[in-house]
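Pasting query_29.cif here (mmCIF, C-alpha atoms):
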data_data
loop_
_atom_site.label_atom_id
_atom_site.label_comp_id
_atom_site.auth_asym_id
_atom_site.auth_seq_id
_atom_site.Cartn_x
_atom_site.Cartn_y
_atom_site.Cartn_z
CA MET A 1 175.38 192.81 123.42
CA ALA A 2 174.95 196.60 123.34
CA PHE A 3 175.06 198.54 120.08
CA THR A 4 175.49 202.24 119.48
CA ARG A 5 174.44 204.22 116.42
CA ARG A 6 178.01 205.25 115.67
CA GLN A 7 179.30 201.67 115.88
CA PHE A 8 176.85 200.52 113.26
CA LEU A 9 177.44 203.53 111.06
CA ASN A 10 181.18 203.08 111.24
CA ARG A 11 181.05 199.36 110.52
CA GLY A 12 178.33 199.60 107.87
CA ALA A 13 176.78 196.65 109.65
CA VAL A 14 173.22 197.45 108.71
CA LEU A 15 173.88 196.74 105.05
CA VAL A 16 175.46 193.39 105.86
CA ALA A 17 172.85 192.64 108.50
CA ALA A 18 169.97 193.16 106.13
CA GLY A 19 171.52 190.92 103.51
CA LEU A 20 172.17 193.82 101.16
CA THR A 21 175.17 194.69 99.08
CA ALA A 22 176.20 198.31 98.92
CA PRO A 23 175.00 198.80 95.31
CA SER A 24 171.53 197.68 96.37
CA PHE A 25 170.77 200.73 98.45
CA ILE A 26 173.73 203.05 98.77
CA THR A 27 174.37 204.06 95.20
CA ARG A 28 174.01 207.28 93.35
CA THR A 29 170.32 206.43 93.11
CA ALA A 30 169.88 207.16 96.82
CA MET A 31 171.63 210.49 97.03
CA ALA A 32 168.59 212.52 96.01
CA LEU A 33 166.23 210.58 98.28
CA ASN A 34 164.88 213.66 100.00
CA GLY A 35 164.18 215.49 96.72
CA GLN A 36 160.82 215.92 95.07
CA LEU A 37 159.37 213.96 92.17
CA ALA A 38 159.68 215.68 88.83
CA GLN A 39 156.61 217.79 88.19
CA ASP A 40 156.09 216.43 84.66
CA ALA A 41 155.50 212.87 85.90
CA ALA A 42 151.76 212.22 85.94
CA PRO A 43 150.32 210.08 88.75
CA PRO A 44 149.77 206.41 87.88
CA ASP A 45 146.40 205.00 86.86
CA PRO A 46 144.80 203.71 90.11
CA THR A 47 142.98 200.94 88.23
CA LYS A 48 146.39 199.35 87.53
CA ALA A 49 147.74 199.74 91.06
CA ASN A 50 148.11 195.98 91.58
CA ASN A 51 149.77 195.17 88.26
CA ILE A 52 153.26 193.66 88.31
CA LEU A 53 156.04 193.54 85.74
CA VAL A 54 158.78 190.89 85.67
CA ALA A 55 161.67 191.81 83.37
CA VAL A 56 163.59 188.72 82.22
CA GLN A 57 167.12 189.56 81.07
CA LEU A 58 169.00 187.14 78.81
CA THR A 59 172.56 188.25 79.43
CA GLY A 60 175.27 187.92 76.81
CA GLY A 61 173.36 188.63 73.62
CA ASN A 62 170.87 185.89 72.79
CA ASP A 63 170.81 184.64 69.20
CA GLY A 64 167.34 185.72 68.11
CA LEU A 65 167.52 183.91 64.76
CA ASN A 66 167.72 180.56 66.56
CA THR A 67 165.12 181.58 69.14
CA LEU A 68 162.31 182.85 66.93
CA ILE A 69 163.31 181.05 63.74
CA PRO A 70 162.48 182.27 60.19
CA PHE A 71 162.46 178.72 58.86
CA GLY A 72 160.41 179.78 55.85
CA ASP A 73 163.24 182.01 54.61
CA PRO A 74 165.80 180.05 52.51
CA GLY A 75 168.48 182.55 53.52
CA TYR A 76 168.35 181.22 57.08
CA TYR A 77 169.76 177.86 55.98
CA GLN A 78 172.21 179.44 53.56
CA PHE A 79 173.79 181.64 56.25
CA ARG A 80 173.89 178.86 58.85
CA SER A 81 175.16 175.62 57.44
CA SER A 82 175.62 173.89 60.82
CA LEU A 83 173.72 176.11 63.29
CA ALA A 84 170.35 176.24 61.53
CA ILE A 85 167.55 174.31 63.23
CA PRO A 86 166.08 171.71 60.87
CA THR A 87 162.63 172.65 59.64
CA THR A 88 161.17 169.44 61.05
CA ASP A 89 162.40 170.35 64.55
CA VAL A 90 161.07 173.91 64.67
CA LEU A 91 158.03 174.50 66.90
CA ALA A 92 156.02 176.27 64.22
CA LEU A 93 153.92 179.31 65.13
CA THR A 94 153.07 180.13 61.51
CA ASP A 95 154.03 178.61 58.16
CA SER A 96 157.29 180.58 58.19
CA VAL A 97 158.25 181.41 61.81
CA GLY A 98 158.63 179.15 64.84
CA LEU A 99 160.40 178.58 68.14
CA HIS A 100 163.57 176.67 68.98
CA PRO A 101 162.69 173.03 69.77
CA ARG A 102 163.89 173.41 73.37
CA LEU A 103 161.37 176.20 74.01
CA THR A 104 158.53 173.76 74.64
CA GLY A 105 157.57 175.60 77.82
CA LEU A 106 157.21 178.87 75.95
CA LYS A 107 155.35 177.12 73.11
CA SER A 108 152.82 175.73 75.61
CA LEU A 109 152.21 179.28 76.88
CA TYR A 110 151.84 180.49 73.28
CA ASP A 111 149.28 177.77 72.59
CA GLU A 112 147.32 178.95 75.65
CA GLY A 113 147.16 182.45 74.19
CA LEU A 114 149.60 183.96 76.69
CA VAL A 115 152.53 185.07 74.48
CA ALA A 116 153.10 188.05 72.21
CA ALA A 117 156.29 187.76 70.15
CA VAL A 118 157.60 191.11 68.90
CA GLN A 119 159.89 190.54 65.94
CA GLY A 120 162.97 192.49 64.94
CA VAL A 121 163.39 194.66 68.04
CA GLY A 122 166.32 197.05 68.24
CA TYR A 123 167.24 200.74 68.11
CA PRO A 124 168.94 203.19 65.72
CA ASN A 125 172.73 203.07 65.32
CA PRO A 126 173.09 199.86 67.35
CA ASN A 127 176.07 199.34 69.61
CA ARG A 128 177.71 195.90 69.68
CA SER A 129 179.50 196.30 73.01
CA HIS A 130 177.98 194.18 75.78
CA PHE A 131 178.41 196.93 78.34
CA ARG A 132 177.15 199.87 76.29
CA SER A 133 174.29 198.06 74.59
CA MET A 134 173.00 196.63 77.89
CA ASP A 135 173.30 200.12 79.35
CA ILE A 136 171.13 201.37 76.50
CA TRP A 137 168.47 198.75 77.18
CA HIS A 138 168.63 199.52 80.91
CA THR A 139 168.38 203.29 80.56
CA ALA A 140 166.28 203.47 77.37
CA ARG A 141 168.61 206.26 76.21
CA PRO A 142 170.72 205.31 73.18
CA ASP A 143 171.58 208.95 72.57
CA ILE A 144 173.30 209.85 75.85
CA ILE A 145 175.03 208.35 78.87
CA GLU A 146 172.17 208.30 81.39
CA ARG A 147 172.62 207.68 85.11
CA THR A 148 169.07 206.47 85.86
CA GLY A 149 167.39 203.32 84.60
CA TRP A 150 164.01 203.25 82.90
CA LEU A 151 162.44 201.19 85.69
CA GLY A 152 164.05 203.47 88.26
CA ARG A 153 162.38 206.41 86.57
CA TYR A 154 159.13 204.47 86.57
CA MET A 155 159.47 203.86 90.32
CA ASP A 156 160.00 207.58 90.83
CA ALA A 157 156.96 208.37 88.65
CA CYS A 158 154.62 206.00 90.48
CA GLN A 159 156.04 207.05 93.87
CA CYS A 160 155.81 203.40 94.94
CA GLY A 161 158.91 203.67 97.10
CA GLN A 162 157.44 206.40 99.28
CA THR A 163 155.27 203.94 101.20
CA GLN A 164 156.65 200.47 100.39
CA PRO A 165 159.86 199.01 101.86
CA LEU A 166 160.08 196.75 98.81
CA PRO A 167 158.66 198.68 95.85
CA ALA A 168 160.79 196.59 93.49
CA VAL A 169 163.23 193.70 93.77
CA SER A 170 166.31 193.00 91.68
CA ALA A 171 167.07 189.28 91.88
CA GLY A 172 170.77 188.64 92.38
CA ASP A 173 173.76 189.90 94.30
CA GLN A 174 173.93 193.28 92.56
CA LEU A 175 171.31 195.85 91.72
CA ASN A 176 170.30 195.76 88.07
CA SER A 177 170.98 199.24 86.71
CA MET A 178 167.46 199.34 85.28
CA PHE A 179 166.50 200.33 88.84
CA TYR A 180 168.94 203.22 89.28
CA ALA A 181 166.70 206.09 90.39
CA GLU A 182 166.69 209.52 91.96
CA HIS A 183 164.16 208.98 94.74
CA THR A 184 163.56 205.24 95.17
CA LEU A 185 165.61 202.63 97.00
CA VAL A 186 165.50 199.13 95.49
CA PRO A 187 167.13 196.08 97.09
CA ALA A 188 169.12 193.39 95.32
CA VAL A 189 168.02 190.08 96.81
CA ALA A 190 169.92 186.91 96.00
CA SER A 191 167.61 184.76 98.10
CA ILE A 192 164.95 185.34 100.71
CA GLY A 193 166.89 183.19 103.15
CA GLY A 194 169.89 185.48 102.81
CA PHE A 195 167.86 188.64 103.23
CA SER A 196 167.83 188.62 107.02
CA LEU A 197 169.80 189.91 109.95
CA GLN A 198 172.98 187.91 110.42
CA THR A 199 174.50 188.03 113.90
CA GLU A 200 177.49 186.49 115.58
CA SER A 201 175.04 184.36 117.52
CA GLY A 202 172.66 182.25 115.48
CA ASP A 203 170.17 182.29 118.35
CA ARG A 204 166.73 183.50 117.22
CA ASN A 205 166.03 185.44 120.43
CA SER A 206 169.37 187.21 120.23
CA ARG A 207 168.67 188.08 116.62
CA GLN A 208 165.28 189.57 117.46
CA ILE A 209 166.79 191.61 120.31
CA GLN A 210 169.44 192.98 117.97
CA ILE A 211 166.83 193.80 115.31
CA GLN A 212 164.82 195.77 117.85
CA THR A 213 167.98 197.47 119.06
CA LEU A 214 168.68 198.54 115.50
CA ARG A 215 165.16 199.90 115.12
CA ASN A 216 165.49 201.87 118.35
CA ILE A 217 168.80 203.33 117.24
CA TYR A 218 167.58 204.46 113.85
CA GLN A 219 164.23 205.73 115.10
CA GLN A 220 165.90 208.14 117.50
CA ALA A 221 165.03 211.76 116.91
CA GLY A 222 167.82 214.26 116.53
CA ASN A 223 169.70 216.59 114.25
CA TRP A 224 171.31 213.98 112.00
CA PRO A 225 173.94 214.98 109.42
CA ALA A 226 172.65 214.48 105.90
CA HIS A 227 174.66 211.33 105.17
CA GLU A 228 173.67 209.74 108.49
CA ALA A 229 170.02 210.63 107.89
CA LEU A 230 170.22 208.81 104.59
CA MET A 231 171.76 205.76 106.27
CA ARG A 232 169.09 205.90 108.97
CA GLN A 233 166.24 205.91 106.48
CA THR A 234 167.92 203.20 104.43
CA ALA A 235 168.44 201.01 107.48
CA LEU A 236 164.82 201.24 108.58
CA LYS A 237 163.63 200.35 105.08
CA ALA A 238 166.05 197.42 105.00
CA LEU A 239 164.81 196.07 108.32
CA ASP A 240 161.19 196.45 107.27
CA GLY A 241 161.93 194.71 103.99
CA ALA A 242 163.77 191.87 105.71
CA ASP A 243 160.83 191.29 108.03
CA GLN A 244 158.34 191.28 105.17
CA LEU A 245 160.41 188.88 103.08
CA ALA A 246 160.79 186.49 106.01
CA GLN A 247 157.01 186.48 106.48
CA ALA A 248 156.44 185.93 102.77
CA ALA A 249 158.82 182.97 102.72
CA GLY A 250 157.11 181.38 105.70
CA GLY A 251 153.64 181.69 104.15
CA TYR A 252 154.45 180.43 100.66
CA HIS A 253 153.28 176.92 99.81
CA SER A 254 153.17 176.22 96.09
CA PRO A 255 151.85 173.08 94.38
CA VAL A 256 154.18 173.78 91.44
CA GLN A 257 157.39 171.82 91.05
CA TYR A 258 160.01 174.20 89.64
CA PRO A 259 162.80 172.62 87.58
CA THR A 260 165.94 171.93 89.60
CA GLY A 261 169.38 173.09 88.56
CA ASN A 262 167.80 176.02 86.74
CA PRO A 263 169.01 179.41 88.07
CA LEU A 264 166.26 181.37 86.33
CA ALA A 265 163.59 179.07 87.78
CA ALA A 266 165.04 179.63 91.28
CA GLN A 267 164.85 183.40 90.81
CA LEU A 268 161.29 183.23 89.50
CA GLN A 269 160.24 181.04 92.41
CA MET A 270 161.59 183.71 94.76
CA VAL A 271 159.56 186.28 92.82
CA ALA A 272 156.50 184.05 93.24
CA GLN A 273 157.10 183.92 97.00
CA ILE A 274 157.16 187.71 97.20
CA ILE A 275 154.06 188.07 95.02
CA ALA A 276 152.21 185.51 97.14
CA GLY A 277 153.09 187.54 100.23
CA ASP A 278 151.25 190.62 98.88
CA LEU A 279 154.12 192.92 99.84
CA GLY A 280 153.20 195.58 97.31
CA THR A 281 156.24 194.90 95.14
CA ARG A 282 155.37 195.95 91.60
CA VAL A 283 158.51 195.38 89.54
CA PHE A 284 161.04 192.55 89.48
CA SER A 285 164.12 191.80 87.41
CA VAL A 286 165.55 188.30 86.92
CA GLN A 287 168.25 187.12 84.57
CA LEU A 288 169.79 184.12 82.86
CA GLY A 289 173.37 184.42 81.64
CA GLY A 290 175.63 182.57 79.21
CA PHE A 291 174.25 183.73 75.85
CA ASP A 292 177.55 185.07 74.47
CA THR A 293 177.92 182.13 72.10
CA HIS A 294 180.95 182.90 69.92
CA ALA A 295 181.86 179.21 69.63
CA VAL A 296 180.07 175.84 69.63
CA GLN A 297 176.75 177.60 70.06
CA PHE A 298 174.36 174.80 69.14
CA ASN A 299 174.14 172.89 72.44
CA GLN A 300 174.97 175.84 74.68
CA GLN A 301 172.10 177.98 73.48
CA ALA A 302 169.77 174.98 73.32
CA ASN A 303 170.36 174.23 77.00
CA LEU A 304 169.82 177.87 77.97
CA LEU A 305 166.62 178.15 75.96
CA GLY A 306 165.40 174.95 77.58
CA GLN A 307 165.94 176.51 81.00
CA LEU A 308 164.18 179.68 79.87
CA GLY A 309 161.07 177.91 78.60
CA GLU A 310 160.78 175.61 81.60
CA ALA A 311 161.22 178.46 84.08
CA LEU A 312 158.65 180.71 82.40
CA ALA A 313 156.07 177.90 82.24
CA ALA A 314 156.54 176.95 85.91
CA PHE A 315 156.25 180.56 87.03
CA GLN A 316 153.08 181.14 85.03
CA GLN A 317 151.61 177.96 86.51
CA ASP A 318 152.50 179.20 89.98
CA LEU A 319 150.81 182.55 89.33
CA ALA A 320 147.64 180.71 88.30
CA ALA A 321 147.76 178.55 91.42
CA MET A 322 147.79 181.68 93.64
CA ASN A 323 145.21 183.44 91.41
CA LYS A 324 147.65 186.23 90.55
CA GLN A 325 147.96 185.48 86.84
CA ASP A 326 145.84 188.45 85.76
CA ASN A 327 148.14 190.92 87.53
CA VAL A 328 151.52 189.86 86.18
CA VAL A 329 153.22 190.40 82.83
CA MET A 330 156.67 189.05 81.95
CA MET A 331 158.92 190.63 79.32
CA THR A 332 162.14 189.14 77.93
CA PHE A 333 165.07 191.05 76.43
CA SER A 334 168.78 190.77 75.69
CA GLU A 335 171.39 193.43 74.94
CA PHE A 336 171.51 192.47 71.26
CA GLY A 337 170.96 189.60 68.87
CA ARG A 338 173.71 187.83 66.92
CA ARG A 339 175.12 188.09 63.41
CA VAL A 340 173.11 186.45 60.66
CA ALA A 341 176.00 184.36 59.34
CA GLN A 342 177.65 181.86 61.66
CA ASN A 343 181.37 182.27 62.27
CA GLY A 344 184.24 179.84 61.76
CA SER A 345 183.93 178.49 65.31
CA ASN A 346 180.37 177.22 64.87
CA GLY A 347 179.12 180.20 66.83
CA THR A 348 177.80 183.68 66.17
CA ASP A 349 179.19 187.13 66.83
CA HIS A 350 177.54 190.26 68.21
CA GLY A 351 174.65 191.45 66.09
CA THR A 352 171.65 193.73 66.31
CA ALA A 353 167.90 193.01 66.22
CA GLU A 354 166.23 190.33 68.34
CA PRO A 355 162.75 189.15 69.34
CA MET A 356 161.10 190.14 72.61
CA PHE A 357 158.42 188.04 74.30
CA VAL A 358 155.64 189.57 76.41
CA ILE A 359 153.85 186.92 78.47
CA GLY A 360 150.71 186.78 80.62
CA THR A 361 146.93 186.54 80.61
CA ARG A 362 146.69 190.26 79.83
CA VAL A 363 148.66 189.81 76.62
CA VAL A 364 147.11 189.92 73.15
CA PRO A 365 148.81 186.82 71.71
CA GLY A 366 150.48 186.47 68.35
CA LEU A 367 153.34 187.84 66.25
CA TYR A 368 153.96 191.58 66.05
CA SER A 369 155.87 193.73 63.57
CA THR A 370 157.72 192.12 60.68
CA TYR A 371 160.64 189.75 60.70
CA PRO A 372 163.77 191.49 59.33
CA ARG A 373 164.50 190.38 55.79
CA LEU A 374 167.61 188.23 55.46
CA GLU A 375 168.15 189.47 51.92
CA ASP A 376 168.18 193.08 53.11
CA LEU A 377 170.92 193.32 55.76
CA ASP A 378 172.79 196.41 56.87
CA ASP A 379 176.34 197.23 55.77
CA ASN A 380 177.75 194.98 58.52
CA GLY A 381 175.66 192.00 57.49
CA ASP A 382 173.26 192.41 60.40
CA LEU A 383 169.49 192.51 60.66
CA LYS A 384 167.71 195.84 60.27
CA PHE A 385 165.40 196.36 63.21
CA SER A 386 161.69 196.88 62.58
CA THR A 387 160.50 197.86 66.09
CA ASP A 388 162.19 200.17 68.57
CA PHE A 389 162.46 198.52 71.99
CA ARG A 390 161.05 201.67 73.55
CA ASN A 391 157.73 200.99 71.81
CA VAL A 392 157.56 197.75 73.79
CA TYR A 393 158.57 199.51 77.01
CA ALA A 394 155.86 202.10 76.33
CA ALA A 395 153.29 199.31 76.08
CA VAL A 396 154.07 197.80 79.48
CA LEU A 397 154.37 201.23 81.11
CA GLN A 398 151.15 202.68 79.75
CA ASP A 399 148.86 199.72 79.23
CA HIS A 400 149.99 197.48 82.09
CA MET A 401 151.64 199.63 84.77
CA GLY A 402 149.40 202.65 84.24
CA VAL A 403 151.87 205.53 83.87
CA ASP A 404 152.56 207.97 81.07
CA PRO A 405 155.62 206.52 79.31
CA THR A 406 156.76 209.83 77.83
CA PRO A 407 158.67 211.25 80.84
CA VAL A 408 159.98 207.80 81.75
CA LEU A 409 161.34 207.15 78.25
CA ALA A 410 162.30 210.81 77.60
CA GLY A 411 160.28 210.80 74.41
CA SER A 412 157.02 209.74 72.80
CA TYR A 413 156.83 206.15 71.54
CA ASP A 414 153.63 204.51 70.30
CA PRO A 415 152.97 201.45 72.45
CA VAL A 416 152.91 198.12 70.65
CA LYS A 417 149.36 196.89 71.28
CA VAL A 418 150.33 193.73 73.15
CA ILE A 419 148.33 194.38 76.35
CA ARG A 420 144.58 193.83 76.70
CA PRO A 421 142.42 196.35 78.53
CA PRO A 422 141.69 195.14 82.10
CA TYR A 423 138.06 194.35 81.28
CA ALA A 424 138.93 191.98 78.41
CA LEU A 425 140.92 189.21 80.07
CA PRO A 426 140.82 185.88 78.23
CA ARG A 427 139.81 182.62 79.81
CA VAL A 428 142.81 180.44 80.52
CA GLY A 429 142.55 176.69 80.73
CA PRO A 430 139.60 174.42 79.98
CA SER A 431 136.17 176.01 79.64
#

File written out as structure tokens:
Amino acid sequence: MAFTRRQFLNRGAVLVAAGLTAPSFITRTAMALNGQLAQDAAPPDPTKANNILVAVQLTGGNDGLNTLIPFGDPGYYQFRSSLAIPTTDVLALTDSVGLHPRLTGLKSLYDEGLVAAVQGVGYPNPNRSHFRSMDIWHTARPDIIERTGWLGRYMDACQCGQTQPLPAVSAGDQLNSMFYAEHTLVPAVASIGGFSLQTESGDRNSRQIQIQTLRNIYQQAGNWPAHEALMRQTALKALDGADQLAQAAGGYHSPVQYPTGNPLAAQLQMVAQIIAGDLGTRVFSVQLGGFDTHAVQFNQQANLLGQLGEALAAFQQDLAAMNKQDNVVMMTFSEFGRRVAQNGSNGTDHGTAEPMFVIGTRVVPGLYSTYPRLEDLDDNGDLKFSTDFRNVYAAVLQDHMGVDPTPVLAGSYDPVKVIRPPYALPRVGPS
């Protein structure tokens, strides 16, 4: 079957063929593709060129009080008559703070010295809207409506997208707005199997012929209109990325058994495939939804936290099996925590501060900052945050990814010291 450039442009077939949704590549983030990087963005530290960040999003507003539990504070049991976790069930980290009993996977990582728990994370004048608060966490700009995401600005600063077809990957059907950028194209990948050229004929030879036809079309020289030039460059990157992902999938053989029926584990296994393929991808986002627990929270959150802990532990085990554990740091976040007092439906409503977990062999383990005091709540009965989330972002940007966080975060934030220097990695496992 013959294909012409105009037919594919008119049908938008390249986006479908490459397994991409329109928000993955053709968004406002691509419109300035031919521009220049901002002059105030310093080049990244070359000693950290192989470091990888995996951002784990807990969508819906995870209840931080029942995740990192202040069981030593009597107020916890007073505010939560039926939702409080019994002291005997808490996975204690100290004599006053511990993890939810379903977070056994995360507790095992903590016991190995791989987890930093940052307590009471939030930002000034917190917003309790799912949409706006998640937008704030994605853009790192509580003060304005910002069109680029903080990881998109990082990608622009490191210039990773200039040479890599897959500088970052957003797991799922839609691009996470953390990756909205001015100069970098990031794909949304639901599965490696789906990220391939789909043709009317399932025949492999026909597919390869059509792929090469597409390459020939989009490699043609000529005076392309601006919008077609953008589509051309996007299409070539998509085809290159599809090829690389297919190769990575074929070469991935892990001894780790990921938990079944766990959507976060499936996403992290895909991330592991890409990391094992050495594709140069430096940033990933994955997410687990369902944390908006306004009613009958107890079992719902417990099941979700069980999935979270199991998925994180399997992924870390997989990284160790491929000897990539010293390059990768995971970071969890949610758009907000929940109210301190439970509601009348045995659930919790939208709140403020929450814990963040930073995970990996490069992490300095332990508890950071102070747990918000339950006897000193704000006027709405919510926790007062003790650490700005941008201080955590600054830590992974500066100390792990090797870029100056100031232009990325549009301000100066002292990094929380959760990342070890590269020459001080701990021994993991038996000595």

(Q) For a quick check of understanding, using only C-alpha atoms, which of A:Gly113, A:Gly381, A:Gly172, A:Pro355 has the smallest distance to Leu288 in chain A? (A)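 Selected residue with least distance to Leu288 in chain A: A:Gly172.
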
Q: Tell me, as JSON, numbers by chain, which residues lie within 8 Å of range 388-399 of chain A, counting all atoms listed in the file; anything in the same chain fewer than 3 positions away does not count.
A: {"A": [53, 121, 122, 123, 124, 137, 140, 154, 385, 402, 403, 404, 405, 406, 409, 413, 414, 415, 416, 417, 418, 419, 420, 421]}

Q. Which polymer residues have any atom within 8 Å of an atom of range 66-79 of chain A, counting all atoms listed in the file, with same-chain residues fewer than 5 positions away left out, as JSON, numbers by chain?
A. {"A": [84, 85, 87, 90, 95, 96, 97, 98, 99, 100, 305, 340, 341, 342, 355, 371, 374, 375]}

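With all atoms listed in the file as the basis for measurement, A:Gln159 is the residue among A:Thr148, A:Gln159, A:Ser133, A:Ser386 that approaches Ala49 in chain A most closely.
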
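The residue that comes closest to Val283 in chain A, out of A:Leu91, A:Leu264, A:Ala168, A:Val329 and on the basis of all atoms listed in the file, is A:Ala168.
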
Q. If you measure from CA of Leu377 in chain A to CA of Val118 in chain A, what distance in Å do you get, rounded to one decimal?
A. 18.8 Å

Q | All residues 12 Å or closer to range 321-324 of chain A, all atoms listed in the file, same chain fewer than 5 positions away omitted, as a PyMOL selection string | A | chain A and resi 50-52+252-257+272-278+314-316+329+360-362+428

(Q) Taking only C-alpha atoms into account, name the residue in A:Ser81, A:Ser129, A:Thr94, A:Thr293 that is nearest to Gly366 in chain A. (A)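 Going through A:Ser81, A:Ser129, A:Thr94, A:Thr293 one by one, the smallest distance to Gly366 in chain A is for A:Thr94.
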
Could you write out as a short mmCIF file (atom, residue, chain, number, x, y, z; two decimals) with C-alpha atoms, in the coordinates of the input the residues that the PyMOL selection byres ((chain A and resi 62) around 6) matches in the shown file?
data_model
loop_
_atom_site.label_atom_id
_atom_site.label_comp_id
_atom_site.auth_asym_id
_atom_site.auth_seq_id
_atom_site.Cartn_x
_atom_site.Cartn_y
_atom_site.Cartn_z
CA GLY A 61 173.36 188.63 73.62
CA ASP A 63 170.81 184.64 69.20
CA GLY A 64 167.34 185.72 68.11
CA PHE A 291 174.25 183.73 75.85
CA GLY A 337 170.96 189.60 68.87
#

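The residue that comes closest to Asp292 in chain A, out of A:Pro263, A:Gly60, A:Gly347, A:Gly411 and on the basis of only C-alpha atoms, is A:Gly60.
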
Q: Have a look at A:Ser170, A:Ser334, A:Ser369, A:Asn346 and name the one nearest to Leu268 in chain A; count all atoms listed in the file.
A: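 Nearest candidate to Leu268 in chain A out of A:Ser170, A:Ser334, A:Ser369, A:Asn346: A:Ser170.
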
Q) How far is it from CA of Leu185 in chain A to CA of Ser412 in chain A, in Å with one decimal? A)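 Calculated distance between CA of Leu185 in chain A and CA of Ser412 in chain A is 26.6 Å.
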
Q: Please write as a PyMOL selection string the full residue list that the PyMOL selection byres ((chain A and resi 189) around 7) yields on this file.
A: chain A and resi 169-173+187-188+190-192+195

**Q.** Separation of CA of Leu103 in chain A from CA of Ala302 in chain A, in Å and rounded to one decimal
**A.** 8.5 Å

Step by step, work through what the PyMOL selection byres ((chain A and resi 147) around 12) selects in the shown file, and finish by giving those residues as a PDB file with C-alpha atoms, keeping the file's coordinate frame.
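Below is the file expr_33.pdb, written as the result:
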ATOM      1  CA  THR A  27     174.370 204.060  95.200  1.00  0.00           C
ATOM      2  CA  ARG A  28     174.010 207.280  93.350  1.00  0.00           C
ATOM      3  CA  THR A  29     170.320 206.430  93.110  1.00  0.00           C
ATOM      4  CA  ASP A 135     173.300 200.120  79.350  1.00  0.00           C
ATOM      5  CA  ILE A 136     171.130 201.370  76.500  1.00  0.00           C
ATOM      6  CA  HIS A 138     168.630 199.520  80.910  1.00  0.00           C
ATOM      7  CA  THR A 139     168.380 203.290  80.560  1.00  0.00           C
ATOM      8  CA  ALA A 140     166.280 203.470  77.370  1.00  0.00           C
ATOM      9  CA  ARG A 141     168.610 206.260  76.210  1.00  0.00           C
ATOM     10  CA  ILE A 144     173.300 209.850  75.850  1.00  0.00           C
ATOM     11  CA  ILE A 145     175.030 208.350  78.870  1.00  0.00           C
ATOM     12  CA  GLU A 146     172.170 208.300  81.390  1.00  0.00           C
ATOM     13  CA  THR A 148     169.070 206.470  85.860  1.00  0.00           C
ATOM     14  CA  GLY A 149     167.390 203.320  84.600  1.00  0.00           C
ATOM     15  CA  TRP A 150     164.010 203.250  82.900  1.00  0.00           C
ATOM     16  CA  GLY A 152     164.050 203.470  88.260  1.00  0.00           C
ATOM     17  CA  ARG A 153     162.380 206.410  86.570  1.00  0.00           C
ATOM     18  CA  SER A 177     170.980 199.240  86.710  1.00  0.00           C
ATOM     19  CA  MET A 178     167.460 199.340  85.280  1.00  0.00           C
ATOM     20  CA  PHE A 179     166.500 200.330  88.840  1.00  0.00           C
ATOM     21  CA  TYR A 180     168.940 203.220  89.280  1.00  0.00           C
ATOM     22  CA  ALA A 181     166.700 206.090  90.390  1.00  0.00           C
ATOM     23  CA  GLU A 182     166.690 209.520  91.960  1.00  0.00           C
TER      24      GLU A 182
END

Missing atoms of range 328-337 of chain A rebuilt to N, CA and C atoms, written as a PDB file, in the frame of the given file:
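See selection34.pdb below for the written result:
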ATOM      1  N   VAL A 328     150.084 189.932  86.465  1.00  0.00           N
ATOM      2  CA  VAL A 328     151.520 189.860  86.180  1.00  0.00           C
ATOM      3  C   VAL A 328     151.777 189.721  84.684  1.00  0.00           C
ATOM      4  N   VAL A 329     152.722 190.517  84.194  1.00  0.00           N
ATOM      5  CA  VAL A 329     153.220 190.400  82.830  1.00  0.00           C
ATOM      6  C   VAL A 329     154.728 190.208  82.884  1.00  0.00           C
ATOM      7  N   MET A 330     155.231 189.259  82.101  1.00  0.00           N
ATOM      8  CA  MET A 330     156.670 189.050  81.950  1.00  0.00           C
ATOM      9  C   MET A 330     157.115 189.619  80.609  1.00  0.00           C
ATOM     10  N   MET A 331     158.356 190.067  80.549  1.00  0.00           N
ATOM     11  CA  MET A 331     158.920 190.630  79.320  1.00  0.00           C
ATOM     12  C   MET A 331     160.376 190.211  79.214  1.00  0.00           C
ATOM     13  N   THR A 332     160.755 189.572  78.115  1.00  0.00           N
ATOM     14  CA  THR A 332     162.140 189.140  77.930  1.00  0.00           C
ATOM     15  C   THR A 332     162.902 190.133  77.049  1.00  0.00           C
ATOM     16  N   PHE A 333     164.206 190.229  77.282  1.00  0.00           N
ATOM     17  CA  PHE A 333     165.070 191.050  76.430  1.00  0.00           C
ATOM     18  C   PHE A 333     166.513 190.609  76.596  1.00  0.00           C
ATOM     19  N   SER A 334     167.347 190.986  75.626  1.00  0.00           N
ATOM     20  CA  SER A 334     168.780 190.770  75.690  1.00  0.00           C
ATOM     21  C   SER A 334     169.457 192.015  75.144  1.00  0.00           C
ATOM     22  N   GLU A 335     170.762 192.174  75.351  1.00  0.00           N
ATOM     23  CA  GLU A 335     171.390 193.430  74.940  1.00  0.00           C
ATOM     24  C   GLU A 335     171.504 193.571  73.436  1.00  0.00           C
ATOM     25  N   PHE A 336     171.548 192.469  72.713  1.00  0.00           N
ATOM     26  CA  PHE A 336     171.510 192.470  71.260  1.00  0.00           C
ATOM     27  C   PHE A 336     171.289 191.051  70.778  1.00  0.00           C
ATOM     28  N   GLY A 337     171.001 190.913  69.477  1.00  0.00           N
ATOM     29  CA  GLY A 337     170.960 189.600  68.870  1.00  0.00           C
ATOM     30  C   GLY A 337     172.353 189.215  68.369  1.00  0.00           C
TER      31      GLY A 337
END
